[in-house]
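For reference, data.cif (mmCIF, C-alpha atoms and all ligand atoms):
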data_entry
#
loop_
_atom_site.label_atom_id
_atom_site.label_comp_id
_atom_site.auth_asym_id
_atom_site.auth_seq_id
_atom_site.Cartn_x
_atom_site.Cartn_y
_atom_site.Cartn_z
CA MET E 293 144.14 91.02 127.19
CA GLN E 294 145.80 92.98 124.36
CA THR E 295 144.20 91.03 121.54
CA VAL E 296 140.78 89.73 120.63
CA ARG E 297 140.08 86.58 118.67
CA PRO E 298 138.64 87.12 115.19
CA ALA E 299 134.91 87.09 114.50
CA ALA E 300 133.27 84.31 112.52
CA GLU E 301 135.08 83.54 109.25
CA TYR E 302 132.07 84.29 107.04
CA LEU E 303 132.02 87.94 108.20
CA LYS E 304 135.48 88.55 106.77
CA HIS E 305 134.31 89.88 103.41
CA LEU E 306 131.15 91.59 104.60
CA GLU E 307 131.07 95.40 104.80
CA PRO E 308 128.80 97.09 107.39
CA TYR E 309 125.69 98.56 105.71
CA ASP E 310 126.62 102.06 104.55
CA PRO E 311 123.88 104.09 102.89
CA LYS E 312 126.24 107.13 102.80
CA TYR E 313 124.02 108.98 105.22
CA LEU E 314 125.73 112.35 105.05
CA PRO E 315 124.37 115.61 106.43
CA ALA E 316 122.43 117.40 103.69
CA ARG E 317 119.93 120.18 103.12
CA ILE E 318 117.59 118.06 101.00
CA TYR E 319 117.41 114.29 101.49
CA LEU E 320 116.40 112.47 98.32
CA ASN E 321 118.41 109.32 99.02
CA ALA E 322 116.31 106.94 101.14
CA ASN E 323 112.83 106.84 99.55
CA GLU E 324 111.14 108.37 102.57
CA ASN E 325 107.83 110.26 102.54
CA PRO E 326 109.02 113.90 102.30
CA PHE E 327 105.86 115.33 103.88
CA GLY E 328 106.27 113.56 107.22
CA MET E 329 103.57 112.28 109.55
CA PRO E 330 100.13 113.84 108.98
CA ASP E 331 99.52 116.49 111.70
CA GLN E 332 96.51 114.70 113.13
CA ALA E 333 98.44 111.44 113.42
CA ARG E 334 101.29 113.18 115.27
CA LYS E 335 98.83 114.79 117.70
CA GLU E 336 97.08 111.47 118.26
CA LEU E 337 100.45 109.77 118.90
CA GLN E 338 101.35 112.42 121.49
CA ARG E 339 97.98 111.86 123.19
CA MET E 340 98.43 108.07 123.21
CA ILE E 341 101.97 108.29 124.63
CA GLU E 342 100.58 110.14 127.68
CA SER E 343 98.82 107.02 128.93
CA GLU E 344 101.22 104.34 127.63
CA PRO E 345 102.93 102.40 130.46
CA LEU E 346 106.48 102.74 129.10
CA HIS E 347 107.99 100.99 132.14
CA ARG E 348 106.28 97.73 131.03
CA TYR E 349 107.42 95.43 128.21
CA PRO E 350 105.25 95.83 125.14
CA ASP E 351 102.82 93.14 123.99
CA PRO E 352 105.23 90.87 122.02
CA LEU E 353 102.89 90.52 119.02
CA ALA E 354 101.48 94.08 119.26
CA LYS E 355 97.96 92.62 119.20
CA HIS E 356 96.06 95.87 118.81
CA LEU E 357 98.03 96.88 115.71
CA ARG E 358 98.04 93.29 114.42
CA ASN E 359 94.21 93.14 114.62
CA THR E 360 93.89 96.55 112.98
CA VAL E 361 96.16 95.60 110.07
CA ALA E 362 94.40 92.22 109.69
CA ALA E 363 90.97 93.91 109.54
CA LYS E 364 92.22 96.43 106.97
CA LEU E 365 93.50 93.63 104.71
CA GLY E 366 90.57 91.27 105.38
CA VAL E 367 92.76 88.43 106.72
CA ALA E 368 92.90 86.59 110.07
CA ALA E 369 95.20 88.11 112.73
CA GLU E 370 97.30 84.90 112.65
CA CYS E 371 98.31 85.83 109.09
CA ILE E 372 100.19 88.96 110.26
CA VAL E 373 103.65 89.20 111.88
CA LEU E 374 104.88 92.66 112.79
CA GLY E 375 108.57 93.47 112.85
CA ASN E 376 111.20 96.11 113.49
CA GLY E 377 110.86 97.40 109.95
CA GLY E 378 110.70 95.19 106.90
CA ASP E 379 114.43 94.67 107.40
CA GLU E 380 113.91 92.51 110.49
CA LEU E 381 111.25 90.43 108.76
CA LEU E 382 113.50 89.81 105.76
CA PHE E 383 116.27 88.63 108.07
CA ASN E 384 113.85 86.41 109.99
CA LEU E 385 112.58 84.93 106.75
CA CYS E 386 116.14 83.97 105.81
CA ILE E 387 116.67 82.43 109.25
CA ALA E 388 113.45 80.42 108.96
CA TYR E 389 113.54 79.41 105.29
CA GLY E 390 117.22 79.81 104.36
CA GLY E 391 120.32 78.51 106.11
CA PRO E 392 123.20 76.21 105.19
CA GLY E 393 122.34 73.92 102.28
CA ARG E 394 119.31 76.02 101.28
CA SER E 395 118.83 78.54 98.43
CA LEU E 396 117.33 81.97 97.86
CA LEU E 397 116.43 83.16 94.35
CA THR E 398 116.77 86.89 93.61
CA THR E 399 116.61 89.09 90.51
CA PRO E 400 119.44 91.67 90.63
CA PRO E 401 119.76 94.60 90.55
CA THR E 402 117.49 94.67 93.57
CA PHE E 403 117.42 95.55 97.30
CA SER E 404 120.84 94.92 98.86
CA ALA E 405 119.53 93.59 102.21
CA TYR E 406 118.62 90.24 100.60
CA TYR E 407 122.34 89.62 99.98
CA THR E 408 123.44 90.53 103.48
CA ASP E 409 120.69 88.40 105.01
CA ALA E 410 121.64 85.44 102.82
CA LEU E 411 125.28 85.83 103.76
CA LEU E 412 124.57 86.08 107.48
CA THR E 413 122.33 83.01 107.42
CA ARG E 414 124.67 81.16 105.05
CA THR E 415 121.94 80.79 102.45
CA LYS E 416 123.08 80.17 98.86
CA ILE E 417 122.05 82.95 96.46
CA VAL E 418 120.75 81.99 93.02
CA GLU E 419 120.59 85.03 90.74
CA ILE E 420 118.46 85.53 87.64
CA PRO E 421 119.68 88.97 86.47
CA ARG E 422 117.38 91.57 84.96
CA ALA E 423 117.77 93.10 81.51
CA SER E 424 119.94 96.21 81.37
CA ALA E 425 118.94 98.01 78.21
CA CYS E 426 118.03 101.45 76.96
CA SER E 427 115.26 101.94 74.37
CA ALA E 428 115.45 104.34 71.41
CA THR E 429 113.17 106.72 73.37
CA GLY E 430 115.68 106.85 76.22
CA GLN E 431 113.77 104.64 78.67
CA LEU E 432 115.86 102.28 80.76
CA ASP E 433 114.61 98.70 80.73
CA PHE E 434 115.34 96.46 83.71
CA SER E 435 112.63 93.89 83.09
CA ILE E 436 113.00 90.49 84.69
CA ASP E 437 113.49 87.29 82.71
CA GLU E 438 110.14 85.60 83.46
CA GLN E 439 110.89 82.42 81.53
CA ALA E 440 114.29 81.90 83.20
CA ILE E 441 112.76 82.40 86.67
CA LEU E 442 109.95 79.93 86.02
CA GLU E 443 112.37 77.34 84.66
CA ARG E 444 114.77 77.79 87.59
CA VAL E 445 112.15 77.48 90.33
CA SER E 446 110.70 74.42 88.59
CA VAL E 447 113.96 72.52 89.23
CA GLY E 448 112.76 72.19 92.81
CA ASP E 449 115.88 73.08 94.82
CA ILE E 450 114.96 76.70 95.68
CA ASP E 451 113.65 77.25 99.23
CA LEU E 452 112.88 80.96 99.13
CA VAL E 453 112.10 83.32 96.23
CA ILE E 454 112.14 87.10 96.69
CA LEU E 455 110.38 89.20 94.06
CA THR E 456 110.35 92.93 94.67
CA THR E 457 107.46 94.84 93.16
CA PRO E 458 107.91 97.75 92.72
CA ASN E 459 111.59 96.83 92.57
CA ASN E 460 114.19 98.89 94.40
CA PRO E 461 116.09 100.55 92.70
CA THR E 462 114.57 100.08 89.22
CA GLY E 463 110.94 100.96 90.07
CA ASP E 464 109.21 98.40 87.83
CA CYS E 465 106.37 96.04 88.85
CA LEU E 466 105.57 92.41 88.09
CA THR E 467 102.21 91.31 86.69
CA LEU E 468 99.94 89.23 88.91
CA ASP E 469 99.82 86.59 86.14
CA PHE E 470 103.57 86.11 86.41
CA ILE E 471 103.50 86.04 90.23
CA GLU E 472 100.76 83.37 90.08
CA ALA E 473 102.80 81.34 87.61
CA VAL E 474 105.78 81.37 90.02
CA LEU E 475 103.54 80.45 92.96
CA ALA E 476 102.15 77.52 90.98
CA ALA E 477 105.57 76.32 89.78
CA THR E 478 107.12 75.80 93.24
CA ASP E 479 106.35 75.04 96.86
CA ALA E 480 109.15 77.42 97.94
CA VAL E 481 108.04 80.41 99.98
CA VAL E 482 107.61 83.29 97.52
CA LEU E 483 108.09 86.64 99.22
CA ILE E 484 106.53 89.54 97.36
CA ASP E 485 108.31 92.61 98.71
CA HIS E 486 105.62 95.31 98.54
CA ALA E 487 107.58 98.01 100.45
CA TYR E 488 106.52 100.57 97.78
CA ILE E 489 103.16 99.13 96.68
CA GLU E 490 101.15 102.19 97.83
CA PHE E 491 102.78 104.22 95.01
CA ALA E 492 101.92 101.67 92.31
CA ASP E 493 98.85 101.05 90.17
CA PRO E 494 96.46 99.01 92.41
CA GLY E 495 96.44 96.28 89.74
CA TYR E 496 99.94 95.26 90.91
CA ASP E 497 98.89 94.50 94.50
CA ALA E 498 99.33 90.75 95.07
CA THR E 499 97.32 90.64 98.34
CA SER E 500 94.30 89.02 96.65
CA LEU E 501 96.45 85.99 95.76
CA LEU E 502 96.90 85.06 99.44
CA LYS E 503 93.57 83.19 99.45
CA LYS E 504 94.73 80.82 96.71
CA HIS E 505 98.43 80.26 97.45
CA ALA E 506 99.77 78.79 100.70
CA ASN E 507 103.37 79.61 99.71
CA LEU E 508 102.83 83.38 99.24
CA ALA E 509 104.18 85.90 101.76
CA ILE E 510 103.82 89.67 101.36
CA LEU E 511 106.07 92.25 103.00
CA ARG E 512 104.74 95.73 103.79
CA THR E 513 106.28 98.63 105.67
CA PHE E 514 105.22 101.80 107.46
CA SER E 515 108.54 103.43 106.43
CA LYS E 516 107.58 104.73 103.01
CA ALA E 517 104.01 105.89 102.21
CA TYR E 518 103.11 105.89 105.92
CA SER E 519 106.02 108.22 106.78
CA LEU E 520 107.40 106.26 109.75
CA ALA E 521 110.93 105.32 108.61
CA GLY E 522 112.28 106.63 111.92
CA MET E 523 110.00 104.38 113.99
CA ARG E 524 111.05 101.03 112.42
CA ILE E 525 107.88 99.10 111.85
CA GLY E 526 106.67 96.78 109.10
CA TYR E 527 104.71 93.56 108.68
CA LEU E 528 104.48 90.35 106.75
CA VAL E 529 101.21 88.74 105.63
CA ALA E 530 101.09 85.01 104.90
CA ALA E 531 99.31 81.78 105.78
CA PRO E 532 99.65 80.83 109.50
CA GLU E 533 102.01 77.94 108.52
CA ILE E 534 104.55 80.62 107.52
CA THR E 535 103.86 83.27 110.18
CA GLN E 536 104.17 80.59 112.89
CA GLU E 537 107.73 79.82 111.76
CA LEU E 538 108.60 83.52 111.76
CA CYS E 539 107.25 83.87 115.30
CA LYS E 540 109.72 81.17 116.39
CA VAL E 541 112.77 83.14 115.24
CA ARG E 542 111.75 86.73 115.97
CA GLN E 543 113.14 88.79 118.86
CA PRO E 544 110.27 88.87 121.39
CA TYR E 545 110.15 92.66 121.81
CA SER E 546 111.37 93.89 118.43
CA VAL E 547 108.22 95.99 117.97
CA ASP E 548 108.41 98.65 120.63
CA ALA E 549 105.38 100.29 122.19
CA LEU E 550 105.91 103.67 120.50
CA ALA E 551 106.32 102.22 117.01
CA ALA E 552 103.08 100.27 117.40
CA LEU E 553 101.23 103.41 118.56
CA ALA E 554 102.64 105.49 115.71
CA ALA E 555 101.48 102.88 113.18
CA LEU E 556 97.98 102.94 114.68
CA ALA E 557 97.97 106.73 114.51
CA VAL E 558 98.88 106.86 110.79
CA LEU E 559 96.40 104.11 109.93
CA GLU E 560 93.68 106.34 111.37
CA GLN E 561 94.69 109.03 108.86
CA GLU E 562 94.52 106.92 105.69
CA ASP E 563 92.83 109.74 103.74
CA GLU E 564 95.65 112.16 104.52
CA VAL E 565 98.26 109.50 103.67
CA ARG E 566 96.48 108.93 100.32
CA LEU E 567 96.65 112.66 99.52
CA GLN E 568 100.40 112.64 100.19
CA VAL E 569 100.87 109.52 98.07
CA ASN E 570 98.88 111.02 95.18
CA CYS E 571 101.05 114.12 95.26
CA ILE E 572 104.22 111.97 95.26
CA ILE E 573 102.89 110.00 92.26
CA SER E 574 102.12 113.13 90.22
CA GLN E 575 105.51 114.61 91.17
CA ARG E 576 107.17 111.37 90.05
CA GLU E 577 105.58 111.64 86.61
CA LEU E 578 106.56 115.31 86.34
CA LEU E 579 110.15 114.64 87.44
CA ALA E 580 110.50 111.71 85.01
CA ARG E 581 109.42 114.00 82.16
CA ARG E 582 111.79 116.76 83.20
CA LEU E 583 114.76 114.40 83.46
CA GLY E 584 114.04 113.03 79.97
CA GLU E 585 113.21 116.33 78.26
CA PRO E 586 115.63 118.02 75.83
CA GLY E 587 118.03 120.00 77.98
CA LEU E 588 118.75 117.24 80.45
CA GLY E 589 117.84 114.45 78.02
CA LEU E 590 118.66 111.65 80.47
CA SER E 591 117.57 108.00 80.27
CA VAL E 592 115.06 107.22 83.02
CA ALA E 593 113.53 103.93 84.17
CA PRO E 594 109.69 104.04 84.27
CA SER E 595 108.74 103.84 87.96
CA GLU E 596 105.73 102.71 90.00
CA ALA E 597 107.49 103.70 93.23
CA ASN E 598 108.50 106.93 95.02
CA TYR E 599 111.88 107.18 93.30
CA LEU E 600 113.39 107.31 89.83
CA LEU E 601 116.51 105.61 88.52
CA PHE E 602 118.31 107.52 85.79
CA ARG E 603 121.57 107.26 83.91
CA VAL E 604 123.97 110.19 83.73
CA PRO E 605 127.57 110.30 82.47
CA ASN E 606 130.11 110.43 85.35
CA ALA E 607 127.40 109.60 87.88
CA GLN E 608 129.76 109.49 90.85
CA ALA E 609 131.06 113.02 90.18
CA VAL E 610 127.50 114.31 89.59
CA TRP E 611 126.38 112.75 92.89
CA GLN E 612 129.27 114.45 94.68
CA GLN E 613 128.65 117.85 93.12
CA LEU E 614 124.93 117.72 93.92
CA HIS E 615 125.85 117.10 97.52
CA GLU E 616 128.84 119.38 97.95
CA SER E 617 127.61 122.39 95.96
CA TYR E 618 123.86 122.16 96.49
CA GLY E 619 123.37 120.12 99.68
CA ILE E 620 121.19 117.61 97.81
CA LEU E 621 121.73 113.96 98.67
CA VAL E 622 120.66 111.34 96.12
CA ARG E 623 121.74 107.69 95.96
CA ASP E 624 124.80 106.72 93.93
CA LEU E 625 124.36 103.17 92.64
CA SER E 626 126.86 103.46 89.82
CA ALA E 627 129.35 100.99 91.27
CA LEU E 628 126.83 98.13 91.37
CA PRO E 629 126.61 95.43 88.69
CA GLY E 630 124.12 96.39 85.95
CA LEU E 631 123.82 99.97 87.24
CA ALA E 632 126.81 101.72 85.65
CA ASP E 633 126.29 105.49 85.70
CA CYS E 634 122.98 105.17 87.55
CA LEU E 635 121.71 107.48 90.28
CA ARG E 636 118.43 107.05 92.18
CA VAL E 637 116.47 110.08 93.31
CA SER E 638 113.60 109.85 95.80
CA ILE E 639 110.56 111.97 95.03
CA GLY E 640 110.57 114.95 97.38
CA THR E 641 108.15 117.82 97.96
CA PRO E 642 107.38 119.88 94.82
CA GLN E 643 109.90 122.51 95.99
CA GLU E 644 112.62 119.92 96.67
CA ASN E 645 112.06 118.40 93.23
CA ASP E 646 112.33 121.84 91.58
CA GLU E 647 115.58 122.48 93.45
CA PHE E 648 116.92 119.08 92.44
CA ILE E 649 116.18 119.67 88.73
CA ALA E 650 117.69 123.16 88.87
CA ALA E 651 120.83 121.88 90.62
CA LEU E 652 121.21 118.93 88.25
CA SER E 653 120.84 121.24 85.23
CA CYS E 654 123.57 123.50 86.63
CA VAL E 655 125.88 120.55 87.37
CA LEU E 656 125.46 119.10 83.87
CA ASN E 657 125.68 122.43 82.05
CA THR E 658 128.75 123.54 83.99
CA ARG E 659 130.41 120.25 83.19
CA ALA E 660 129.59 120.65 79.49
CA GLU E 661 131.49 123.96 79.31
CA PRO E 662 135.04 123.81 77.94
N1 LIG P 1 112.18 96.24 100.98
C1 LIG P 1 112.64 97.14 100.13
C2 LIG P 1 112.56 96.86 98.66
C3 LIG P 1 113.20 98.34 100.60
O1 LIG P 1 113.69 99.24 99.74
C4 LIG P 1 113.26 98.56 101.99
C5 LIG P 1 113.86 99.83 102.57
N2 LIG P 1 114.83 100.43 101.92
C6 LIG P 1 112.75 97.57 102.84
C7 LIG P 1 112.22 96.42 102.30
C8 LIG P 1 112.82 97.67 104.33
O2 LIG P 1 112.25 98.82 104.82
P1 LIG P 1 112.05 99.07 106.37
O3 LIG P 1 113.02 98.19 107.10
O4 LIG P 1 112.30 100.51 106.58
O5 LIG P 1 110.63 98.67 106.64
#
Would you mind writing the file out in structure tokens?
Amino acid sequence: MQTVRPAAEYLKHLEPYDPKYLPARIYLNANENPFGMPDQARKELQRMIESEPLHRYPDPLAKHLRNTVAAKLGVAAECIVLGNGGDELLFNLCIAYGGPGRSLLTTPPTFSAYYTDALLTRTKIVEIPRASACSATGQLDFSIDEQAILERVSVGDIDLVILTTPNNPTGDCLTLDFIEAVLAATDAVVLIDHAYIEFADPGYDATSLLKKHANLAILRTFSKAYSLAGMRIGYLVAAPEITQELCKVRQPYSVDALAALAALAVLEQEDEVRLQVNCIISQRELLARRLGEPGLGLSVAPSEANYLLFRVPNAQAVWQQLHESYGILVRDLSALPGLADCLRVSIGTPQENDEFIAALSCVLNTRAEP
């Protein structure tokens, strides 16, 4: 055959996911933990691999890890579903609660995977856009429109709500009062995407609301604070009515044996992980100040996550120069609606952050010269 028939019609306008993963010296583009796995966790993983029967299929629900996570959160094991990263769980959620004739409410600008998942599952997207303002002090404001969200979910035709807190890429968090108001206003599943919650003030953690609200689901990942982006493992916490539906649609062996072991190994080193997270948080505050200080004088969005969104004239050219001249890769979001001239930088090690600030200063100063 010299030809192949076209793929499904709805894929026509979809682009493959492209995070512009270019070779670089310093990666500040994907919100990873720059310190890597704690040494003890890596050693423990190596020890565990020795006795793991890799020729056997893994336990489909990764029971050992599931029980460990459940005990840590103080919930029943039935409330946890593990997945191949948060990405798989988001897709499964759209399969289970979206689909033709059903709707997903989002608050752009936010994580792009929600859009792809909605498109692939033919779920209608209902958007309640965030503010896009800059205060007199140079802080970017991307706050959500609480009233509009509450009014929209109260109509009763939304099947799935995704609220990201801290939000990617803006970094802001939602109050628990607002989350509770949404949970009370609808019987739709409300997914609180907590991929970055370890970097936020503990007062933003919505886990305590699980006891009161049957329609709450919380997404967590080992990719960020727990330094396992390369292993692909995350989990969702919700009432068994919801996790049961997710178990129906999941790929049986999406959580491989090594990913489950790695997650167990990092959970045993919580203290070390906390030290890394604390360093990332203090570096975030320092970097935010340096970006906003006279000299650079850029507008920055206050962040509770491990990245900062800032606005810089000619963002695309700045992104390119940082990469080409200095080998520093940040994320260019400037082509997205509401994010004109915005770049997102992940918080790196103190040395990486110093290099980033020095490089950015050079790029901006060089460009200012006649
Ligand atoms: N949610 C948000 C908001 C994210 O930014 C990401 C990763 N970029 C994820 C979920 C999924 O992360 P992972 O698949 O690595 O667990």
Closest to Ala428 in chain E among E:Thr499, E:Ser638, E:Gln612, E:Ser591, using only C-alpha atoms?
-> E:Ser591
Expected selection as a count of residues only for ligand LIG 1 (chain P) within 7 Å, only C-alpha atoms and all ligand atoms | 19
May I have the residues within 6 Å of range 325-329 of chain E as a VMD selection string, using all atoms listed in the file and disregarding those fewer than 5 positions away in the same chain?
-> chain E and resid 516 to 517 519 640 to 641
Write out as a list in words each polymer residue whose atoms come within 12 Å of His356 in chain E, counting all atoms listed in the file; drop sequence neighbours fewer than 3 positions from it.
->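 These residues fall inside the cut-off: Pro350, Asp351, Pro352, Leu353, Asn359, Thr360, Val361, Ala362, Ala363, Ala369, Ile372, Leu374, Ala549, Ala552, Leu553, Ala555, Leu556 and Ala557 of chain E.
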Which neighbours of Leu508 in chain E fall inside 12 Å, counting all atoms listed in the file, when residues of the same chain fewer than 3 positions from it are skipped, and could you give them as a PyMOL selection string?
-> chain E and resi 371+452-455+471-476+478-485+498-505+511+528-535
